[in-house]
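Trainee: Sharing work13.txt here; it has compact mmCIF, C-alpha atoms.
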# COMPACT_ATOMS: atom_id res chain seq x y z
CA MET A 1 -127.09 -66.81 -45.63
CA LYS A 2 -130.49 -67.49 -47.20
CA LYS A 3 -129.50 -65.57 -50.32
CA THR A 4 -126.38 -67.73 -50.65
CA VAL A 5 -128.40 -70.93 -50.34
CA HIS A 6 -130.99 -69.74 -52.82
CA SER A 7 -128.31 -68.65 -55.29
CA GLY A 8 -126.60 -72.03 -54.94
CA VAL A 9 -129.85 -73.90 -55.59
CA ALA A 10 -130.58 -71.69 -58.60
CA ALA A 11 -127.11 -72.34 -59.99
CA CYS A 12 -127.57 -76.11 -59.56
CA LYS A 13 -130.90 -75.98 -61.36
CA LYS A 14 -129.33 -73.92 -64.13
CA TYR A 15 -126.48 -76.41 -64.64
CA SER A 16 -128.95 -79.30 -64.41
CA ARG A 17 -130.99 -77.81 -67.25
CA ARG A 18 -127.82 -77.41 -69.31
CA ASP A 19 -126.88 -81.04 -68.66
CA ASN A 20 -130.33 -82.18 -69.75
CA GLN A 21 -130.03 -80.12 -72.92
CA ALA A 22 -126.65 -81.71 -73.61
CA TYR A 23 -128.15 -85.18 -73.31
CA ILE A 24 -130.94 -84.21 -75.69
CA TYR A 25 -128.39 -83.10 -78.27
CA LEU A 26 -126.40 -86.30 -77.74
CA LEU A 27 -129.47 -88.52 -78.02
CA PRO A 28 -129.36 -88.96 -81.85
CA TRP A 29 -125.72 -90.05 -81.68
CA LEU A 30 -126.36 -92.34 -78.71
CA ALA A 31 -129.33 -93.93 -80.47
CA GLY A 32 -127.28 -94.44 -83.62
CA PHE A 33 -124.39 -95.92 -81.65
CA LEU A 34 -126.60 -98.31 -79.67
CA PHE A 35 -128.84 -99.54 -82.47
CA LEU A 36 -126.61 -99.21 -85.54
CA GLN A 37 -123.22 -100.14 -84.07
CA LEU A 38 -123.27 -101.77 -80.63
CA TYR A 39 -126.33 -103.98 -81.21
CA PRO A 40 -125.15 -105.33 -84.61
CA PHE A 41 -121.67 -105.83 -83.14
CA CYS A 42 -122.95 -107.96 -80.26
CA SER A 43 -125.52 -109.73 -82.45
CA SER A 44 -122.92 -110.80 -85.00
CA LEU A 45 -120.84 -112.31 -82.19
CA TYR A 46 -123.82 -114.38 -81.07
CA TYR A 47 -124.75 -115.36 -84.64
CA SER A 48 -121.18 -116.54 -85.29
CA PHE A 49 -121.86 -119.30 -82.74
CA ALA A 50 -125.30 -120.12 -84.15
CA ASP A 51 -126.83 -121.87 -87.14
CA TYR A 52 -128.71 -118.88 -88.54
CA GLN A 53 -130.46 -119.06 -91.93
CA ILE A 54 -132.14 -115.59 -91.72
CA THR A 55 -135.61 -117.05 -92.42
CA ALA A 56 -135.46 -119.16 -89.23
CA LYS A 57 -134.51 -118.46 -85.65
CA PRO A 58 -130.80 -118.83 -84.81
CA VAL A 59 -129.89 -122.12 -83.13
CA TRP A 60 -126.78 -122.29 -80.93
CA CYS A 61 -124.14 -124.55 -82.48
CA GLY A 62 -120.98 -123.61 -80.61
CA PHE A 63 -117.81 -123.45 -82.66
CA ASN A 64 -119.27 -125.31 -85.68
CA ASN A 65 -119.15 -122.26 -87.97
CA TYR A 66 -115.50 -121.62 -87.15
CA ARG A 67 -114.67 -125.33 -87.37
CA ASN A 68 -116.25 -125.56 -90.82
CA LEU A 69 -114.39 -122.47 -92.01
CA PHE A 70 -110.96 -123.66 -90.88
CA THR A 71 -111.26 -127.39 -91.64
CA LYS A 72 -113.80 -127.89 -94.45
CA ASP A 73 -114.16 -124.67 -96.43
CA THR A 74 -111.25 -124.45 -98.88
CA GLU A 75 -112.83 -121.34 -100.38
CA PHE A 76 -112.26 -119.53 -97.08
CA TRP A 77 -108.51 -120.20 -97.13
CA ASN A 78 -108.28 -118.97 -100.71
CA SER A 79 -110.17 -115.80 -99.77
CA LEU A 80 -107.92 -115.26 -96.77
CA TRP A 81 -104.80 -115.59 -98.91
CA VAL A 82 -106.22 -113.25 -101.57
CA THR A 83 -107.03 -110.68 -98.88
CA ILE A 84 -103.54 -110.91 -97.41
CA LYS A 85 -101.99 -110.42 -100.86
CA PHE A 86 -104.33 -107.50 -101.53
CA THR A 87 -103.28 -105.89 -98.24
CA LEU A 88 -99.57 -106.50 -98.84
CA TYR A 89 -99.82 -104.91 -102.30
CA THR A 90 -102.02 -101.91 -101.53
CA VAL A 91 -100.92 -100.70 -98.09
CA PRO A 92 -97.15 -100.34 -98.75
CA GLY A 93 -97.86 -99.20 -102.32
CA LYS A 94 -100.30 -96.51 -101.26
CA LEU A 95 -98.08 -95.25 -98.44
CA ALA A 96 -94.97 -95.18 -100.62
CA LEU A 97 -96.74 -93.32 -103.41
CA ALA A 98 -98.40 -90.92 -100.96
CA LEU A 99 -95.05 -90.17 -99.30
CA GLY A 100 -93.30 -89.66 -102.62
CA ILE A 101 -95.98 -87.26 -103.87
CA ALA A 102 -96.05 -85.45 -100.51
CA VAL A 103 -92.27 -84.89 -100.68
CA PHE A 104 -92.66 -83.59 -104.24
CA LEU A 105 -95.48 -81.23 -103.25
CA ASN A 106 -93.65 -79.95 -100.16
CA ARG A 107 -92.09 -77.06 -101.99
CA ASP A 108 -92.91 -73.52 -103.01
CA LEU A 109 -93.83 -73.59 -106.68
CA LYS A 110 -96.13 -71.49 -108.82
CA GLY A 111 -99.62 -73.02 -108.76
CA ILE A 112 -98.65 -75.60 -106.11
CA ASN A 113 -102.05 -75.36 -104.40
CA LEU A 114 -103.81 -76.31 -107.63
CA ILE A 115 -101.43 -79.22 -108.14
CA ARG A 116 -102.08 -80.47 -104.59
CA THR A 117 -105.83 -80.28 -105.20
CA LEU A 118 -105.54 -82.28 -108.43
CA TYR A 119 -103.57 -85.00 -106.66
CA TYR A 120 -106.19 -85.21 -103.94
CA ILE A 121 -109.25 -85.44 -106.21
CA PRO A 122 -109.10 -89.25 -106.80
CA SER A 123 -109.54 -89.86 -103.06
CA LEU A 124 -112.87 -88.05 -103.10
CA PHE A 125 -114.28 -91.03 -104.99
CA GLY A 126 -112.81 -93.73 -102.71
CA GLY A 127 -114.98 -96.88 -102.60
CA SER A 128 -117.26 -95.53 -105.33
CA VAL A 129 -119.07 -98.02 -107.56
CA ALA A 130 -118.85 -95.54 -110.46
CA VAL A 131 -115.05 -95.37 -110.16
CA ALA A 132 -114.84 -99.17 -110.04
CA ILE A 133 -116.92 -99.40 -113.24
CA LEU A 134 -114.75 -96.77 -114.91
CA TRP A 135 -111.61 -98.68 -113.89
CA LYS A 136 -113.11 -101.85 -115.35
CA LEU A 137 -113.79 -100.09 -118.66
CA LEU A 138 -110.28 -98.63 -118.79
CA PHE A 139 -108.63 -102.05 -118.51
CA MET A 140 -110.99 -104.07 -120.69
CA ASP A 141 -109.60 -105.96 -123.70
CA ARG A 142 -110.64 -103.03 -125.92
CA GLY A 143 -110.25 -100.37 -123.27
CA VAL A 144 -108.12 -97.26 -123.25
CA VAL A 145 -105.12 -98.92 -121.60
CA ASN A 146 -104.93 -101.74 -124.14
CA ALA A 147 -105.48 -99.24 -126.96
CA PHE A 148 -102.43 -97.33 -125.73
CA LEU A 149 -100.40 -100.54 -125.38
CA ASN A 150 -101.27 -101.46 -128.96
CA THR A 151 -99.76 -98.20 -130.19
CA ILE A 152 -96.42 -99.24 -128.70
CA HIS A 153 -96.83 -102.84 -129.93
CA ILE A 154 -97.54 -104.37 -126.53
CA GLY A 155 -100.54 -106.51 -125.73
CA PRO A 156 -103.44 -106.66 -125.65
CA ILE A 157 -103.27 -107.83 -122.04
CA GLN A 158 -106.24 -109.56 -120.45
CA PHE A 159 -106.25 -107.56 -117.25
CA TRP A 160 -109.59 -109.01 -116.10
CA GLY A 161 -109.29 -112.45 -117.68
CA ASP A 162 -105.84 -113.41 -116.45
CA PRO A 163 -105.58 -114.42 -112.74
CA GLY A 164 -102.04 -113.07 -112.68
CA TYR A 165 -103.19 -109.55 -113.60
CA ALA A 166 -106.70 -109.20 -112.13
CA LEU A 167 -105.80 -108.74 -108.46
CA LYS A 168 -102.86 -106.47 -109.24
CA THR A 169 -105.04 -104.26 -111.44
CA ILE A 170 -107.60 -103.91 -108.65
CA CYS A 171 -104.75 -103.11 -106.26
CA ALA A 172 -103.67 -100.36 -108.66
CA LEU A 173 -107.12 -98.78 -108.25
CA GLU A 174 -106.74 -98.73 -104.47
CA ILE A 175 -103.18 -97.37 -104.65
CA TRP A 176 -104.31 -94.64 -107.07
CA GLN A 177 -106.61 -93.28 -104.35
CA PHE A 178 -103.75 -92.14 -102.11
CA GLY A 179 -104.90 -88.55 -101.58
CA SER A 180 -105.96 -88.70 -97.93
CA SER A 181 -102.67 -90.26 -96.85
CA MET A 182 -100.78 -87.76 -98.99
CA VAL A 183 -102.49 -84.78 -97.33
CA MET A 184 -101.63 -86.03 -93.84
CA LEU A 185 -98.03 -86.77 -94.80
CA LEU A 186 -97.71 -83.36 -96.44
CA ALA A 187 -98.92 -81.70 -93.23
CA ALA A 188 -96.40 -83.77 -91.26
CA LEU A 189 -93.57 -82.74 -93.60
CA LYS A 190 -94.41 -79.07 -93.12
CA ASN A 191 -94.19 -79.51 -89.34
CA VAL A 192 -90.64 -80.83 -89.38
CA PRO A 193 -88.49 -78.18 -87.62
CA ARG A 194 -86.37 -76.25 -90.11
CA ASP A 195 -83.50 -75.88 -87.66
CA LEU A 196 -82.87 -79.64 -87.91
CA TYR A 197 -82.25 -79.31 -91.64
CA GLU A 198 -80.05 -76.27 -91.13
CA ALA A 199 -77.93 -78.14 -88.59
CA ALA A 200 -77.65 -81.11 -90.94
CA GLU A 201 -76.57 -78.86 -93.82
CA ILE A 202 -73.85 -77.38 -91.63
CA ASP A 203 -72.62 -80.93 -91.03
CA GLY A 204 -72.57 -81.53 -94.77
CA ALA A 205 -75.55 -83.94 -94.96
CA GLY A 206 -77.07 -84.54 -98.39
CA ARG A 207 -80.73 -84.95 -99.35
CA ILE A 208 -80.88 -88.69 -98.80
CA ARG A 209 -79.18 -88.50 -95.43
CA LYS A 210 -81.47 -85.66 -94.32
CA PHE A 211 -84.52 -87.64 -95.37
CA VAL A 212 -83.39 -90.84 -93.62
CA ASN A 213 -82.13 -89.22 -90.42
CA ILE A 214 -84.49 -86.26 -90.05
CA THR A 215 -87.57 -86.32 -92.27
CA PHE A 216 -88.60 -89.95 -91.93
CA PRO A 217 -88.23 -90.17 -88.11
CA GLN A 218 -90.20 -86.92 -87.70
CA ILE A 219 -93.18 -88.18 -89.73
CA THR A 220 -93.29 -91.74 -88.34
CA PRO A 221 -96.39 -90.99 -86.16
CA ILE A 222 -98.38 -90.15 -89.30
CA ILE A 223 -96.97 -93.18 -91.13
CA PHE A 224 -97.94 -95.31 -88.14
CA PHE A 225 -101.49 -93.95 -88.16
CA ASN A 226 -101.89 -94.45 -91.91
CA LEU A 227 -100.45 -97.95 -91.74
CA ILE A 228 -103.15 -98.99 -89.28
CA MET A 229 -106.02 -97.24 -91.06
CA GLN A 230 -105.05 -98.43 -94.54
CA THR A 231 -104.65 -102.01 -93.31
CA ILE A 232 -108.13 -101.95 -91.76
CA GLN A 233 -109.55 -100.59 -95.01
CA ALA A 234 -107.73 -103.18 -97.13
CA MET A 235 -108.85 -106.09 -94.94
CA GLN A 236 -112.47 -104.98 -95.40
CA ASN A 237 -112.29 -104.43 -99.16
CA PHE A 238 -115.38 -105.46 -101.08
CA THR A 239 -116.60 -102.91 -103.63
CA SER A 240 -113.84 -103.03 -106.24
CA ALA A 241 -113.55 -106.84 -106.29
CA PHE A 242 -117.32 -107.30 -106.43
CA VAL A 243 -118.08 -104.68 -109.09
CA ILE A 244 -115.11 -105.28 -111.38
CA THR A 245 -114.52 -109.03 -111.39
CA ASN A 246 -117.12 -110.54 -109.03
CA GLY A 247 -114.27 -112.52 -107.46
CA GLY A 248 -112.91 -113.95 -110.71
CA PRO A 249 -111.16 -115.10 -112.70
CA MET A 250 -110.67 -118.45 -110.93
CA LYS A 251 -111.34 -116.80 -107.55
CA SER A 252 -108.15 -114.75 -107.89
CA THR A 253 -109.89 -111.61 -106.55
CA TYR A 254 -112.26 -113.37 -104.16
CA VAL A 255 -111.45 -111.38 -101.02
CA LEU A 256 -112.90 -112.13 -97.58
CA GLY A 257 -115.40 -109.30 -97.98
CA MET A 258 -116.88 -111.09 -100.96
CA LYS A 259 -116.83 -114.43 -99.16
CA LEU A 260 -118.74 -112.83 -96.29
CA TYR A 261 -121.27 -111.30 -98.69
CA LYS A 262 -121.87 -114.57 -100.54
CA GLU A 263 -122.32 -116.55 -97.34
CA GLY A 264 -124.76 -114.04 -95.85
CA PHE A 265 -126.77 -112.72 -98.79
CA THR A 266 -126.47 -115.39 -101.48
CA TYR A 267 -126.53 -118.61 -99.47
CA PHE A 268 -128.29 -116.99 -96.45
CA ARG A 269 -125.84 -118.61 -94.03
CA MET A 270 -125.69 -115.62 -91.71
CA GLY A 271 -123.98 -117.61 -88.95
CA SER A 272 -121.06 -118.44 -91.24
CA ALA A 273 -120.95 -114.85 -92.51
CA SER A 274 -120.78 -113.56 -88.93
CA ALA A 275 -117.94 -115.97 -88.18
CA ILE A 276 -116.02 -114.61 -91.17
CA SER A 277 -116.57 -111.05 -89.97
CA TRP A 278 -115.12 -111.95 -86.59
CA VAL A 279 -112.14 -113.64 -88.21
CA ILE A 280 -111.48 -110.38 -90.09
CA PHE A 281 -111.94 -108.42 -86.85
CA THR A 282 -109.52 -110.70 -85.00
CA ILE A 283 -106.86 -110.37 -87.70
CA ILE A 284 -107.18 -106.57 -87.59
CA ILE A 285 -106.95 -106.53 -83.78
CA VAL A 286 -103.87 -108.79 -83.76
CA PHE A 287 -102.15 -106.69 -86.43
CA THR A 288 -103.00 -103.43 -84.65
CA LEU A 289 -101.76 -104.66 -81.28
CA THR A 290 -98.56 -105.93 -82.92
CA LEU A 291 -97.99 -102.54 -84.51
CA PHE A 292 -98.57 -100.74 -81.22
CA LYS A 293 -96.17 -103.14 -79.50
CA SER A 294 -93.46 -102.50 -82.08
CA SER A 295 -94.07 -98.74 -82.34
CA SER A 296 -91.67 -97.93 -79.50
CA ALA A 297 -88.82 -99.20 -81.68
CA TRP A 298 -89.49 -97.09 -84.78
CA VAL A 299 -92.09 -94.36 -84.10
CA PHE A 300 -90.55 -91.09 -82.95
CA TYR A 301 -92.53 -88.52 -80.97
CA GLY A 302 -91.14 -85.02 -80.69
CA ASP A 303 -91.73 -84.73 -76.93
CA GLU A 304 -89.56 -87.77 -76.17
CA ASP A 305 -86.26 -87.21 -74.39
Turn this file's structure into structure tokens for me.

Mentor:
Amino acid sequence: MKKTVHSGVAACKKYSRRDNQAYIYLLPWLAGFLFLQLYPFCSSLYYSFADYQITAKPVWCGFNNYRNLFTKDTEFWNSLWVTIKFTLYTVPGKLALALGIAVFLNRDLKGINLIRTLYYIPSLFGGSVAVAILWKLLFMDRGVVNAFLNTIHIGPIQFWGDPGYALKTICALEIWQFGSSMVMLLAALKNVPRDLYEAAEIDGAGRIRKFVNITFPQITPIIFFNLIMQTIQAMQNFTSAFVITNGGPMKSTYVLGMKLYKEGFTYFRMGSASAISWVIFTIIIVFTLTLFKSSSAWVFYGDED
């Protein structure tokens, strides 16, 4: 009996030591989460209700920051509209291109692995300042794109000087970096059961019908995931608009990320900047919840009856 008790106590001490070691290993992540994520998250919520000029202590002002944004700041509404247009251009465009390329690459061809790698490379530089600068140089008045257009007697086009082209050209940069979505969609395509295609072929279904009735429903979970993640990324866009056009011309590329940056780090109105960040957060939350609510109508999971 004593041996059993002693062995039980020893086992408890052994597991206790293991638990303590686990907490030690988790400590760097916990510290990073608390001080680099949770604390800034809660602080920005408080600052959004305060008059905070960075150099002075924040003073509680209630909903004044939000009231000024929605009723007095016309620049905010322009930025919101630009961000919505940017999202509507890039998210469907990136997903459509990624799906098209994934369907093309979902075949057994000589050197297909190399081709897949080449298509994925642009996504390795996503959000890079260097890529944004390169894109700016490509579409300058005397850039490579206009040089090519001149050879076919088109242009030159003022991609960065014309408000009608500037935002769309920046959207093209974001759409071009479709590799991560393409890889996930390609994996989803490879997991579609082959027997479904064989049964459809027996019934005389063509390629389009097989894609609409079999392929697309089977990959809707991955499309759903990418739709949410790409929307979050688009709503937070900053780098390309800031580096390439600095919000111009005529504020046509002045996204909410740039508005937030200007308010916080140019005018030092950190309270207003925090309010903008929470507006972006609220829009993302509403969109995400709406998508989850509608997912039962169009997202197919294989384990469903």

Trainee: Applying 6 Å and all atoms listed in the file, which residues near segment 156-169 of chain A remain after dropping the ones on its own chain fewer than 6 positions away? List them as a PyMOL selection string.

Mentor: chain A and resi 141+146+249+252-253

Trainee: With all atoms listed in the file as the atoms that count, which of A:Gln21, A:Gly271, A:Ser296, A:Leu185 lies nearest to Val59 of chain A?

Mentor: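 Comparing A:Gln21, A:Gly271, A:Ser296, A:Leu185 against Val59 of chain A, the winner is A:Gly271.
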
Trainee: Can you list, as a list in words, every protein, DNA or RNA residue that comes within 10 Å of Ser181 of chain A when you count only C-alpha atoms, leaving out same-chain residues fewer than 2 positions away?

Mentor: Lys94, Leu95, Ala96, Leu97, Ala98, Leu99, Ala102, Tyr120, Ser123, Gln177, Phe178, Gly179, Val183, Met184, Leu185, Leu186, Ile222, Ile223, Phe225, Asn226, Leu227, Met229 and Gln230 of chain A

Trainee: Do you know which residues are at most 12 Å from Leu134 of chain A counting all atoms listed in the file, after dropping those on the same chain fewer than 2 positions away, and could you put them as an MDAnalysis selection string?

Mentor: chainID A and resid 125 128:132 136:140 143:145 170 173 240 243:244

Trainee: Selected residues, C-alpha atoms, written as a PDB file, keeping the file's coordinate frame, please.

Mentor:
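Listing of out.pdb after writing:
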ATOM      1  CA  PHE A 125    -114.280 -91.030-104.990  1.00  0.00           C
ATOM      2  CA  SER A 128    -117.260 -95.530-105.330  1.00  0.00           C
ATOM      3  CA  VAL A 129    -119.070 -98.020-107.560  1.00  0.00           C
ATOM      4  CA  ALA A 130    -118.850 -95.540-110.460  1.00  0.00           C
ATOM      5  CA  VAL A 131    -115.050 -95.370-110.160  1.00  0.00           C
ATOM      6  CA  ALA A 132    -114.840 -99.170-110.040  1.00  0.00           C
ATOM      7  CA  LYS A 136    -113.110-101.850-115.350  1.00  0.00           C
ATOM      8  CA  LEU A 137    -113.790-100.090-118.660  1.00  0.00           C
ATOM      9  CA  LEU A 138    -110.280 -98.630-118.790  1.00  0.00           C
ATOM     10  CA  PHE A 139    -108.630-102.050-118.510  1.00  0.00           C
ATOM     11  CA  MET A 140    -110.990-104.070-120.690  1.00  0.00           C
ATOM     12  CA  GLY A 143    -110.250-100.370-123.270  1.00  0.00           C
ATOM     13  CA  VAL A 144    -108.120 -97.260-123.250  1.00  0.00           C
ATOM     14  CA  VAL A 145    -105.120 -98.920-121.600  1.00  0.00           C
ATOM     15  CA  ILE A 170    -107.600-103.910-108.650  1.00  0.00           C
ATOM     16  CA  LEU A 173    -107.120 -98.780-108.250  1.00  0.00           C
ATOM     17  CA  SER A 240    -113.840-103.030-106.240  1.00  0.00           C
ATOM     18  CA  VAL A 243    -118.080-104.680-109.090  1.00  0.00           C
ATOM     19  CA  ILE A 244    -115.110-105.280-111.380  1.00  0.00           C
TER      20      ILE A 244
END

Trainee: Would you compute the box with edges along x, y and z of the file around segment 77-92 of chain A, including every atom the file lists for it and 6 Å extra on each side, and give its centre and edge lengths in Å to one decimal, as AutoDock Vina command-line options?

Mentor:
--center_x -103.7 --center_y -110.3 --center_z -99.5 --size_x 25.0 --size_y 31.9 --size_z 17.5

Trainee: Tell me which of A:Ala275, A:Ile228, A:Leu196, A:Leu189 sits closest to Phe104 of chain A, counting all atoms listed in the file.

Mentor: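 Distance minimum relative to Phe104 of chain A lands on A:Leu189.
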
Trainee: Any idea what's packed within 12 Å of segment 27-44 of chain A, counting only C-alpha atoms, ignoring anything in its chain fewer than 6 positions away? Could you give it as an NGL selection string?

Mentor: :A and (20-21 or 50-52 or 58 or 264 or 270-279 or 281)

Trainee: Taking 4 positions as the minimum chain separation for residues in the same chain, which residues sit within 7 Å of Val299 of chain A when counting all atoms listed in the file? Answer as an mmCIF file with C-alpha atoms, in the coordinates of the input.

Mentor:
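Below you can see selection_13.cif, which holds the result:
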data_model
loop_
_atom_site.group_PDB
_atom_site.id
_atom_site.type_symbol
_atom_site.label_atom_id
_atom_site.label_comp_id
_atom_site.auth_asym_id
_atom_site.auth_seq_id
_atom_site.Cartn_x
_atom_site.Cartn_y
_atom_site.Cartn_z
ATOM 1 C CA PRO A 217 -88.230 -90.170 -88.110
ATOM 2 C CA THR A 220 -93.290 -91.740 -88.340
ATOM 3 C CA PRO A 221 -96.390 -90.990 -86.160
ATOM 4 C CA SER A 295 -94.070 -98.740 -82.340
#

Trainee: Could you work out how far atom CA of Leu88 of chain A lies from atom CA of Leu45 of chain A, giving the answer in Å with one decimal?

Mentor: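 Going from atom CA of Leu45 of chain A over to atom CA of Leu88 of chain A covers 27.6 Å.
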
Trainee: Since the input lacks atoms, please generate all heavy atoms for segment 22-30 of chain A and provide them as a short mmCIF file (atom, residue, chain, number, x, y, z; two decimals), keeping the file's coordinate frame.

Mentor:
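Full text of out30.cif as output:
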data_model
loop_
_atom_site.label_atom_id
_atom_site.label_comp_id
_atom_site.auth_asym_id
_atom_site.auth_seq_id
_atom_site.Cartn_x
_atom_site.Cartn_y
_atom_site.Cartn_z
N ALA A 22 -127.77 -81.01 -72.98
CA ALA A 22 -126.65 -81.71 -73.61
C ALA A 22 -127.02 -83.14 -73.95
O ALA A 22 -126.71 -83.64 -75.04
CB ALA A 22 -125.43 -81.69 -72.68
N TYR A 23 -127.74 -83.81 -73.04
CA TYR A 23 -128.15 -85.18 -73.31
C TYR A 23 -129.14 -85.25 -74.47
O TYR A 23 -129.13 -86.21 -75.25
CB TYR A 23 -128.78 -85.80 -72.06
CG TYR A 23 -127.79 -86.10 -70.96
CD1 TYR A 23 -128.00 -85.66 -69.65
CD2 TYR A 23 -126.63 -86.82 -71.22
CE1 TYR A 23 -127.09 -85.92 -68.65
CE2 TYR A 23 -125.70 -87.08 -70.22
CZ TYR A 23 -125.94 -86.62 -68.93
OH TYR A 23 -125.03 -86.90 -67.96
N ILE A 24 -129.98 -84.24 -74.57
CA ILE A 24 -130.94 -84.21 -75.69
C ILE A 24 -130.20 -84.10 -77.01
O ILE A 24 -130.52 -84.78 -77.99
CB ILE A 24 -131.93 -83.04 -75.51
CG1 ILE A 24 -132.84 -83.32 -74.31
CG2 ILE A 24 -132.76 -82.84 -76.77
CD1 ILE A 24 -133.76 -82.16 -73.95
N TYR A 25 -129.17 -83.25 -77.04
CA TYR A 25 -128.39 -83.10 -78.27
C TYR A 25 -127.59 -84.36 -78.59
O TYR A 25 -127.35 -84.69 -79.75
CB TYR A 25 -127.43 -81.91 -78.15
CG TYR A 25 -128.12 -80.56 -78.26
CD1 TYR A 25 -128.08 -79.65 -77.21
CD2 TYR A 25 -128.80 -80.21 -79.42
CE1 TYR A 25 -128.72 -78.42 -77.30
CE2 TYR A 25 -129.44 -78.98 -79.53
CZ TYR A 25 -129.40 -78.09 -78.47
OH TYR A 25 -130.04 -76.89 -78.58
N LEU A 26 -127.16 -85.07 -77.54
CA LEU A 26 -126.40 -86.30 -77.74
C LEU A 26 -127.27 -87.50 -78.08
O LEU A 26 -126.75 -88.52 -78.54
CB LEU A 26 -125.58 -86.62 -76.48
CG LEU A 26 -124.36 -85.75 -76.21
CD1 LEU A 26 -123.79 -86.08 -74.83
CD2 LEU A 26 -123.29 -85.97 -77.27
N LEU A 27 -128.57 -87.39 -77.85
CA LEU A 27 -129.47 -88.52 -78.02
C LEU A 27 -129.42 -89.13 -79.43
O LEU A 27 -129.39 -90.36 -79.56
CB LEU A 27 -130.90 -88.11 -77.66
CG LEU A 27 -131.93 -89.24 -77.63
CD1 LEU A 27 -131.52 -90.29 -76.59
CD2 LEU A 27 -133.32 -88.68 -77.30
N PRO A 28 -129.44 -88.34 -80.52
CA PRO A 28 -129.36 -88.96 -81.85
C PRO A 28 -128.10 -89.80 -82.04
O PRO A 28 -128.15 -90.90 -82.60
CB PRO A 28 -129.38 -87.76 -82.81
CG PRO A 28 -130.06 -86.69 -82.04
CD PRO A 28 -129.64 -86.88 -80.61
N TRP A 29 -126.96 -89.27 -81.55
CA TRP A 29 -125.72 -90.05 -81.68
C TRP A 29 -125.77 -91.30 -80.83
O TRP A 29 -125.35 -92.38 -81.27
CB TRP A 29 -124.52 -89.19 -81.27
CG TRP A 29 -123.23 -89.94 -81.39
CD1 TRP A 29 -122.43 -90.03 -82.50
CD2 TRP A 29 -122.60 -90.74 -80.37
NE1 TRP A 29 -121.34 -90.82 -82.24
CE2 TRP A 29 -121.42 -91.28 -80.94
CE3 TRP A 29 -122.91 -91.04 -79.06
CZ2 TRP A 29 -120.55 -92.10 -80.22
CZ3 TRP A 29 -122.06 -91.87 -78.34
CH2 TRP A 29 -120.89 -92.38 -78.92
N LEU A 30 -126.27 -91.18 -79.60
CA LEU A 30 -126.36 -92.34 -78.71
C LEU A 30 -127.28 -93.41 -79.29
O LEU A 30 -126.97 -94.60 -79.25
CB LEU A 30 -126.87 -91.91 -77.33
CG LEU A 30 -125.89 -91.10 -76.47
CD1 LEU A 30 -126.59 -90.60 -75.21
CD2 LEU A 30 -124.67 -91.93 -76.11
#
